[in-house]
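A.B. asks: One file is attached below, upload.tsv, containing TSV, C-alpha atoms and all ligand atoms.
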```
chain	number	residue	atom	x	y	z
T	11	MET	CA	0.00	0.00	0.00
T	12	MET	CA	1.16	3.57	-0.69
T	13	GLY	CA	2.50	5.77	2.14
T	14	GLY	CA	-0.27	8.36	2.00
T	15	HIS	CA	-2.88	5.60	2.10
T	16	HIS	CA	-1.28	4.01	5.17
T	17	ALA	CA	-1.38	7.42	6.91
T	18	ALA	CA	-5.00	8.12	5.97
T	19	SER	CA	-6.20	4.71	7.12
T	20	GLY	CA	-4.32	5.14	10.42
T	21	ALA	CA	-6.04	8.47	11.11
T	22	ALA	CA	-9.42	6.98	10.11
T	23	ALA	CA	-8.94	4.05	12.50
T	24	TRP	CA	-8.10	6.44	15.34
T	25	VAL	CA	-11.16	8.58	14.66
T	26	ALA	CA	-13.30	5.41	14.82
T	27	ILE	CA	-11.71	4.17	18.05
T	28	ALA	CA	-11.44	7.43	20.00
T	29	SER	CA	-14.72	9.15	19.01
T	30	THR	CA	-18.12	8.35	20.46
T	31	GLY	CA	-20.40	10.01	17.88
T	32	PRO	CA	-22.44	8.24	15.20
T	33	TYR	CA	-20.52	5.91	12.81
T	34	THR	CA	-17.71	5.44	15.34
T	35	LEU	CA	-16.63	2.57	17.59
T	36	GLY	CA	-15.77	4.46	20.78
T	37	TRP	CA	-13.47	1.70	22.09
T	38	TYR	CA	-11.02	4.20	23.63
T	39	PRO	CA	-13.04	7.39	24.15
T	40	LEU	CA	-11.08	10.65	24.32
T	41	ASP	CA	-11.90	14.35	24.28
T	42	ALA	CA	-11.49	16.48	21.15
T	43	ALA	CA	-7.79	17.22	21.81
T	44	GLY	CA	-7.09	13.50	22.24
T	45	ILE	CA	-8.86	12.70	18.96
T	46	LEU	CA	-6.87	15.37	17.09
T	47	ILE	CA	-3.44	14.61	18.55
T	48	GLY	CA	-4.00	10.86	18.44
T	49	GLY	CA	-5.26	11.09	14.86
T	50	MET	CA	-2.08	12.84	13.74
T	51	ALA	CA	0.07	10.41	15.75
T	52	THR	CA	-1.73	7.37	14.33
T	53	ALA	CA	-1.29	8.66	10.76
T	54	GLY	CA	2.41	8.34	11.72
T	55	THR	CA	2.29	5.02	13.61
T	56	ALA	CA	0.60	3.60	10.50
T	57	LEU	CA	3.84	4.38	8.60
T	58	VAL	CA	6.44	3.42	11.16
T	59	LEU	CA	6.86	-0.15	9.84
T	60	ASP	CA	8.22	1.25	6.55
T	61	TRP	CA	11.14	2.80	8.45
T	62	ASP	CA	12.86	-0.45	7.54
T	63	HIS	CA	15.08	0.60	4.66
T	64	ARG	CA	17.45	3.50	4.13
T	65	HIS	CA	15.84	4.76	0.92
T	66	SER	CA	12.28	5.07	2.29
T	67	THR	CA	10.52	8.45	2.60
T	68	VAL	CA	10.40	7.84	6.34
T	69	ALA	CA	14.18	7.42	6.45
T	70	GLN	CA	14.73	10.77	4.70
T	71	SER	CA	12.25	12.71	6.89
T	72	LEU	CA	14.48	14.17	9.63
T	73	PRO	CA	18.13	13.95	8.60
T	74	PRO	CA	20.46	12.77	9.95
T	75	LEU	CA	18.56	11.12	12.87
T	76	SER	CA	15.88	9.41	10.76
T	77	ASN	CA	18.53	8.01	8.38
T	78	ILE	CA	20.60	6.53	11.21
T	79	ILE	CA	17.51	4.92	12.77
T	80	ALA	CA	16.51	3.51	9.35
T	81	VAL	CA	19.89	1.81	8.91
T	82	GLY	CA	19.58	0.35	12.43
T	83	ILE	CA	16.07	-1.02	11.79
T	84	GLU	CA	17.11	-2.29	8.34
T	85	ASN	CA	20.00	-4.25	9.83
T	86	ALA	CA	17.92	-5.66	12.68
T	87	SER	CA	14.87	-6.59	10.60
T	88	GLY	CA	16.46	-7.84	7.38
T	89	GLY	CA	15.26	-5.04	5.08
T	90	HIS	CA	12.01	-3.81	3.57
T	91	ARG	CA	8.80	-5.74	4.34
T	92	GLN	CA	10.71	-8.21	6.47
T	93	GLY	CA	10.94	-8.18	10.28
T	94	THR	CA	8.95	-5.01	10.94
T	95	HIS	CA	5.94	-6.40	9.04
T	96	SER	CA	5.47	-9.30	11.47
T	97	LEU	CA	3.79	-9.97	14.81
T	98	LEU	CA	7.18	-9.74	16.53
T	99	GLY	CA	8.15	-6.49	14.77
T	100	GLY	CA	4.77	-4.94	15.54
T	101	ALA	CA	5.04	-5.97	19.19
T	102	PHE	CA	8.47	-4.29	19.38
T	103	PHE	CA	7.00	-0.93	18.34
T	104	VAL	CA	4.07	-1.26	20.77
T	105	VAL	CA	6.49	-1.94	23.65
T	106	LEU	CA	8.55	1.08	22.54
T	107	ALA	CA	5.39	3.21	22.72
T	108	MET	CA	4.55	1.80	26.16
T	109	VAL	CA	7.93	2.90	27.44
T	110	ALA	CA	7.80	6.32	25.74
T	111	GLY	CA	4.23	6.92	26.92
T	112	GLN	CA	5.23	6.51	30.55
T	113	ILE	CA	7.97	9.15	30.35
T	114	GLN	CA	5.94	12.04	31.77
T	115	LEU	CA	6.87	15.03	33.92
T	116	HIS	CA	4.44	16.11	36.62
T	117	THR	CA	4.75	19.89	36.89
T	118	ASP	CA	2.77	22.77	38.41
T	119	TRP	CA	1.15	23.40	35.00
T	120	GLY	CA	0.07	19.78	34.60
T	121	ILE	CA	1.47	16.62	33.07
T	122	LEU	CA	4.09	17.01	30.32
T	123	SER	CA	4.16	13.99	27.98
T	124	VAL	CA	7.85	14.19	27.11
T	125	GLY	CA	8.24	10.63	25.75
T	126	ALA	CA	5.17	10.95	23.56
T	127	GLY	CA	6.45	14.33	22.35
T	128	VAL	CA	9.78	12.88	21.21
T	129	LEU	CA	8.14	9.93	19.46
T	130	CYS	CA	5.53	12.16	17.81
T	131	MET	CA	8.29	14.49	16.58
T	132	PHE	CA	9.07	11.68	14.13
T	133	LEU	CA	5.58	10.27	13.68
T	134	ILE	CA	3.59	13.39	12.81
T	135	ASN	CA	6.35	14.64	10.51
T	136	ILE	CA	6.38	11.31	8.67
T	137	ALA	CA	2.59	11.51	8.28
T	138	ALA	CA	2.72	15.08	6.96
T	139	LYS	CA	5.38	14.03	4.46
T	140	ALA	CA	3.45	10.98	3.28
T	141	LEU	CA	0.27	13.05	2.91
T	142	LYS	CA	2.30	15.68	0.99
T	143	LEU	CA	1.18	18.49	3.30
T	144	PHE	CA	4.29	20.45	2.42
T	145	PRO	CA	5.14	19.55	-1.15
T	146	LYS	CA	8.40	21.42	-1.59
T	147	SER	CA	10.12	21.36	1.75
T	148	GLY	CA	13.74	21.02	2.74
T	149	TRP	CA	15.09	19.52	5.92
T	150	ILE	CA	14.84	22.85	7.81
T	151	THR	CA	11.06	23.05	7.28
T	152	ASN	CA	10.76	19.42	8.33
T	153	TRP	CA	12.70	19.95	11.52
T	154	LEU	CA	10.77	23.13	12.43
T	155	PHE	CA	7.45	21.39	11.84
T	156	ALA	CA	8.55	18.28	13.76
T	157	LEU	CA	9.76	20.30	16.77
T	158	THR	CA	6.52	22.31	16.85
T	159	MET	CA	4.48	19.09	16.83
T	160	ALA	CA	6.69	17.63	19.57
T	161	GLY	CA	5.95	20.70	21.70
T	162	LEU	CA	2.19	20.54	21.08
T	163	VAL	CA	2.04	16.83	21.91
T	164	THR	CA	4.17	17.25	25.06
T	165	TRP	CA	1.80	19.97	26.27
T	166	PHE	CA	-1.65	18.86	25.06
T	167	ALA	CA	-1.48	15.04	24.85
T	168	PRO	CA	-4.04	13.09	26.92
T	169	ASP	CA	-2.89	12.66	30.53
T	170	GLN	CA	-3.41	8.89	30.48
T	171	TRP	CA	-0.20	7.52	28.93
T	172	THR	CA	-1.93	4.47	27.42
T	173	TRP	CA	-3.10	6.49	24.41
T	174	LEU	CA	0.38	6.22	22.85
T	175	PRO	CA	0.62	2.39	22.84
T	176	VAL	CA	-3.04	2.25	21.73
T	177	SER	CA	-2.14	4.55	18.83
T	178	MET	CA	0.92	2.42	17.98
T	179	LEU	CA	-1.07	-0.83	18.11
T	180	THR	CA	-3.74	0.71	15.87
T	181	GLY	CA	-1.17	2.02	13.37
T	182	VAL	CA	0.79	-1.23	13.24
T	183	VAL	CA	-2.33	-3.36	12.71
T	184	VAL	CA	-3.67	-1.00	10.04
T	185	HIS	CA	-0.29	-1.03	8.23
T	186	ILE	CA	0.10	-4.82	8.26
T	187	VAL	CA	-3.49	-5.30	7.07
T	188	GLY	CA	-2.91	-2.65	4.37
T	189	ASP	CA	0.19	-4.42	3.04
T	190	MET	CA	-1.45	-7.83	3.40
T	191	ILE	CA	-4.35	-6.94	1.10
T	192	THR	CA	-1.94	-5.93	-1.68
T	193	THR	CA	-0.04	-8.54	-3.69
T	194	GLY	CA	3.36	-8.42	-1.95
T	195	GLY	CA	2.12	-9.85	1.35
T	196	VAL	CA	3.86	-9.83	4.73
T	197	PRO	CA	6.03	-12.36	6.61
T	198	LEU	CA	3.70	-12.47	9.65
T	199	LEU	CA	5.65	-15.11	11.60
T	200	TRP	CA	9.13	-13.61	11.03
T	201	PRO	CA	11.86	-14.63	11.94
T	202	VAL	CA	10.20	-17.99	11.31
T	203	VAL	CA	9.71	-18.24	7.56
T	204	ILE	CA	7.68	-21.20	6.37
T	205	LYS	CA	7.81	-21.52	2.61
T	206	PRO	CA	5.04	-23.51	0.91
T	207	PRO	CA	5.98	-26.98	-0.38
T	208	LYS	CA	6.70	-27.09	-4.12
T	209	PHE	CA	3.43	-28.76	-5.17
T	210	LEU	CA	1.38	-26.00	-3.51
T	211	ARG	CA	3.28	-23.14	-5.16
T	212	LYS	CA	1.51	-23.70	-8.46
T	213	LEU	CA	-2.07	-24.04	-7.19
T	214	PRO	CA	-4.05	-20.99	-8.37
T	215	LEU	CA	-5.46	-19.65	-5.08
T	216	VAL	CA	-2.74	-20.91	-2.75
T	217	LYS	CA	0.09	-19.26	-4.70
T	218	ASP	CA	-1.54	-15.82	-4.17
T	219	VAL	CA	-2.20	-16.31	-0.45
T	220	TRP	CA	0.94	-18.20	0.62
T	221	LYS	CA	3.80	-16.78	-1.43
T	222	ALA	CA	6.88	-18.72	-2.50
T	223	ASN	CA	9.01	-16.52	-0.17
T	224	GLY	CA	6.81	-17.48	2.82
T	225	ALA	CA	4.83	-14.20	2.97
T	226	PHE	CA	1.06	-14.18	3.50
T	227	SER	CA	-1.32	-12.12	1.40
T	228	ILE	CA	-5.05	-11.72	0.78
T	229	PRO	CA	-4.62	-9.55	-2.34
T	230	LEU	CA	-8.10	-7.97	-2.38
T	231	LEU	CA	-6.72	-4.67	-3.69
T	232	GLY	CA	-4.31	-6.08	-6.28
T	233	ARG	CA	-0.86	-4.52	-6.46
T	234	ALA	CA	0.14	-1.52	-4.29
T	235	GLY	CA	-1.14	1.77	-5.74
T	236	SER	CA	-3.81	0.06	-7.87
T	237	ARG	CA	-7.04	1.75	-8.94
T	238	ARG	CA	-8.90	-0.43	-6.44
T	239	GLU	CA	-6.63	0.82	-3.63
T	240	TRP	CA	-7.43	4.44	-4.59
T	241	LEU	CA	-11.18	3.71	-4.73
T	242	VAL	CA	-11.20	2.20	-1.25
T	243	LEU	CA	-9.06	4.98	0.19
T	244	ILE	CA	-11.27	7.87	-0.95
T	245	PRO	CA	-14.08	7.14	1.56
T	246	VAL	CA	-11.53	6.11	4.21
T	247	SER	CA	-9.69	9.45	3.86
T	248	ALA	CA	-12.99	11.36	3.84
T	249	TYR	CA	-14.00	9.63	7.08
T	250	ALA	CA	-10.69	10.62	8.72
T	251	MET	CA	-11.04	14.23	7.50
T	252	VAL	CA	-14.61	14.61	8.77
T	253	GLY	CA	-13.69	13.07	12.15
T	254	MET	CA	-10.69	15.35	12.59
T	255	CYS	CA	-12.67	18.45	11.53
T	256	VAL	CA	-15.48	17.63	13.98
T	257	ALA	CA	-12.88	17.29	16.75
T	258	ALA	CA	-11.21	20.57	15.75
T	259	TRP	CA	-14.60	22.31	15.76
T	260	ALA	CA	-15.44	20.90	19.22
T	261	LEU	CA	-12.03	22.00	20.51
T	262	GLY	CA	-12.62	25.49	19.14
T	263	ASN	CA	-16.01	25.59	20.84
T	264	VAL	CA	-14.45	24.81	24.21
T	265	HIS	CA	-11.43	27.11	23.99
T	266	PHE	CA	-12.47	29.90	21.63
T	267	PRO	CA	-16.27	30.12	22.00
T	268	ALA	CA	-16.23	33.88	21.45
T	269	ALA	CA	-14.29	33.58	18.19
T	270	LEU	CA	-16.59	30.86	16.88
T	271	ALA	CA	-19.74	32.75	17.93
T	272	PHE	CA	-18.40	35.83	16.14
T	273	GLY	CA	-17.58	33.67	13.10
T	274	SER	CA	-21.04	32.14	12.87
T	275	SER	CA	-22.89	35.43	13.44
T	276	PHE	CA	-20.67	36.97	10.76
T	277	MET	CA	-21.58	34.13	8.40
T	278	ASN	CA	-25.28	34.56	9.28
T	279	THR	CA	-25.12	38.26	8.50
T	280	LEU	CA	-23.30	37.49	5.29
T	281	LEU	CA	-25.88	34.91	4.23
T	282	GLY	CA	-28.77	37.01	5.48
T	283	THR	CA	-29.97	34.25	7.80
T	284	GLY	CA	-29.19	35.94	11.12
G	1	ZN	ZN	4.82	-1.63	4.57
```
Step by step, read the file and then write its structure as structure tokens.
Ligand SMILES: [Zn+2]
C.D. replies:
Amino acid sequence: MMGGHHAASGAAAWVAIASTGPYTLGWYPLDAAGILIGGMATAGTALVLDWDHRHSTVAQSLPPLSNIIAVGIENASGGHRQGTHSLLGGAFFVVLAMVAGQIQLHTDWGILSVGAGVLCMFLINIAAKALKLFPKSGWITNWLFALTMAGLVTWFAPDQWTWLPVSMLTGVVVHIVGDMITTGGVPLLWPVVIKPPKFLRKLPLVKDVWKANGAFSIPLLGRAGSRREWLVLIPVSAYAMVGMCVAAWALGNVHFPAALAFGSSFMNTLLGTG
């Protein structure tokens, strides 16, 4: 699956899990700030598994740190779509988020989520890059944006630290499912690789589901970037956008009621409905 599509499906999954309105799941209910910050973070956690080779967009996002980390992950996981795209690789990132989430400072102004801030410095920047939010940006823009996001997350993240591992688990599952429904498949049981016996490799259905290299796939969307993938991702992205906008509106209502009241009365005057 393409990077932007991973990011959009991550944000959509977070909106579904953390919101309680109609057409949502409400499994991990949060307030509007939690939905917004978690949505941006999960757009990033849904990309983190592709930090597994040095030439990926993720690897180039925050030089030189992101490049060094990419080489480390590449060496540990065996390269692209190998170790990170497995149950073990996914579990590693969830544990990392559990540790980072618990690094909080209790101050007079409230709880500062320092660990989440550092992790989200990478995650939200990766998401913005994959979604092409700043099309022509150099590394300075990326770093400024990433540091700003780190600050916002440190300050405004939900007080309960569990949101970060929940976001990571959501992103990792969404990513693995996304890659699994395109033709390449994923080595779910890595480092155990069970290749299909020779006589099965030629059977029509089996050869698509259980690949000769041991990867598993249910190629509903065809190859990565196919027309089918785009068709599915349009409503998924729209769902994420609507959810995030509703959360932003609710947040505005709580913190800037005067500004919003002015805005709507202005609109009413303009439209002649007030
Ligand atoms: Zn992938």
A.B. asks: Env of stretch 166-179 of chain T: 7 Å cut, atoms = all atoms listed in the file, seq-sep filter 3 positions within chain, self excluded. Answer as a PDB file with C-alpha atoms, keeping the file's coordinate frame.
C.D. replies:
```
ATOM      1  CA  GLY T  44      -7.090  13.500  22.240  1.00  0.00           C
ATOM      2  CA  ILE T  47      -3.440  14.610  18.550  1.00  0.00           C
ATOM      3  CA  GLY T  48      -4.000  10.860  18.440  1.00  0.00           C
ATOM      4  CA  ALA T  51       0.070  10.410  15.750  1.00  0.00           C
ATOM      5  CA  THR T  52      -1.730   7.370  14.330  1.00  0.00           C
ATOM      6  CA  THR T  55       2.290   5.020  13.610  1.00  0.00           C
ATOM      7  CA  PHE T 103       7.000  -0.930  18.340  1.00  0.00           C
ATOM      8  CA  VAL T 104       4.070  -1.260  20.770  1.00  0.00           C
ATOM      9  CA  ALA T 107       5.390   3.210  22.720  1.00  0.00           C
ATOM     10  CA  MET T 108       4.550   1.800  26.160  1.00  0.00           C
ATOM     11  CA  GLY T 111       4.230   6.920  26.920  1.00  0.00           C
ATOM     12  CA  GLN T 112       5.230   6.510  30.550  1.00  0.00           C
ATOM     13  CA  ILE T 121       1.470  16.620  33.070  1.00  0.00           C
ATOM     14  CA  SER T 123       4.160  13.990  27.980  1.00  0.00           C
ATOM     15  CA  ALA T 126       5.170  10.950  23.560  1.00  0.00           C
ATOM     16  CA  LEU T 162       2.190  20.540  21.080  1.00  0.00           C
ATOM     17  CA  VAL T 163       2.040  16.830  21.910  1.00  0.00           C
ATOM     18  CA  VAL T 182       0.790  -1.230  13.240  1.00  0.00           C
ATOM     19  CA  VAL T 183      -2.330  -3.360  12.710  1.00  0.00           C
TER      20      VAL T 183
END
```
A.B. asks: Counting all atoms listed in the file, what are the residues, protein, DNA or RNA alike, that approach ligand ZN 1 (chain G) to within 9 Å? I want them as JSON, numbers by chain.
C.D. replies: {"T": [11, 12, 13, 16, 56, 57, 58, 59, 60, 61, 62, 90, 91, 94, 95, 185, 186, 188, 189, 190, 196]}
A.B. asks: May I have the residues from that selection written out with C-alpha atoms, as a short mmCIF file (atom, residue, chain, number, x, y, z; two decimals), in the coordinates of the input?
C.D. replies:
```
data_model
loop_
_atom_site.label_atom_id
_atom_site.label_comp_id
_atom_site.auth_asym_id
_atom_site.auth_seq_id
_atom_site.Cartn_x
_atom_site.Cartn_y
_atom_site.Cartn_z
CA MET T 11 0.00 0.00 0.00
CA MET T 12 1.16 3.57 -0.69
CA GLY T 13 2.50 5.77 2.14
CA HIS T 16 -1.28 4.01 5.17
CA ALA T 56 0.60 3.60 10.50
CA LEU T 57 3.84 4.38 8.60
CA VAL T 58 6.44 3.42 11.16
CA LEU T 59 6.86 -0.15 9.84
CA ASP T 60 8.22 1.25 6.55
CA TRP T 61 11.14 2.80 8.45
CA ASP T 62 12.86 -0.45 7.54
CA HIS T 90 12.01 -3.81 3.57
CA ARG T 91 8.80 -5.74 4.34
CA THR T 94 8.95 -5.01 10.94
CA HIS T 95 5.94 -6.40 9.04
CA HIS T 185 -0.29 -1.03 8.23
CA ILE T 186 0.10 -4.82 8.26
CA GLY T 188 -2.91 -2.65 4.37
CA ASP T 189 0.19 -4.42 3.04
CA MET T 190 -1.45 -7.83 3.40
CA VAL T 196 3.86 -9.83 4.73
#
```
A.B. asks: Can you work out which one of T:Ser274, T:Ser71, T:Thr193, T:Thr180 has the shortest atom-to-atom distance to T:Asp218, counting all atoms listed in the file?
C.D. replies: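 With all atoms listed in the file as the atom set, the closest residue is T:Thr193.
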A.B. asks: So how many Å separate atom CA of T:Leu231 and atom CA of T:Ile244, to one decimal?
C.D. replies: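 Going from atom CA of T:Leu231 over to atom CA of T:Ile244, I get 13.6 Å.
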A.B. asks: Just give me the gap between atom CA of T:Ile136 and atom CA of T:His65 in Å, one decimal is fine.
C.D. replies: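 Value for the atom CA of T:Ile136-atom CA of T:His65 distance: 13.9 Å.
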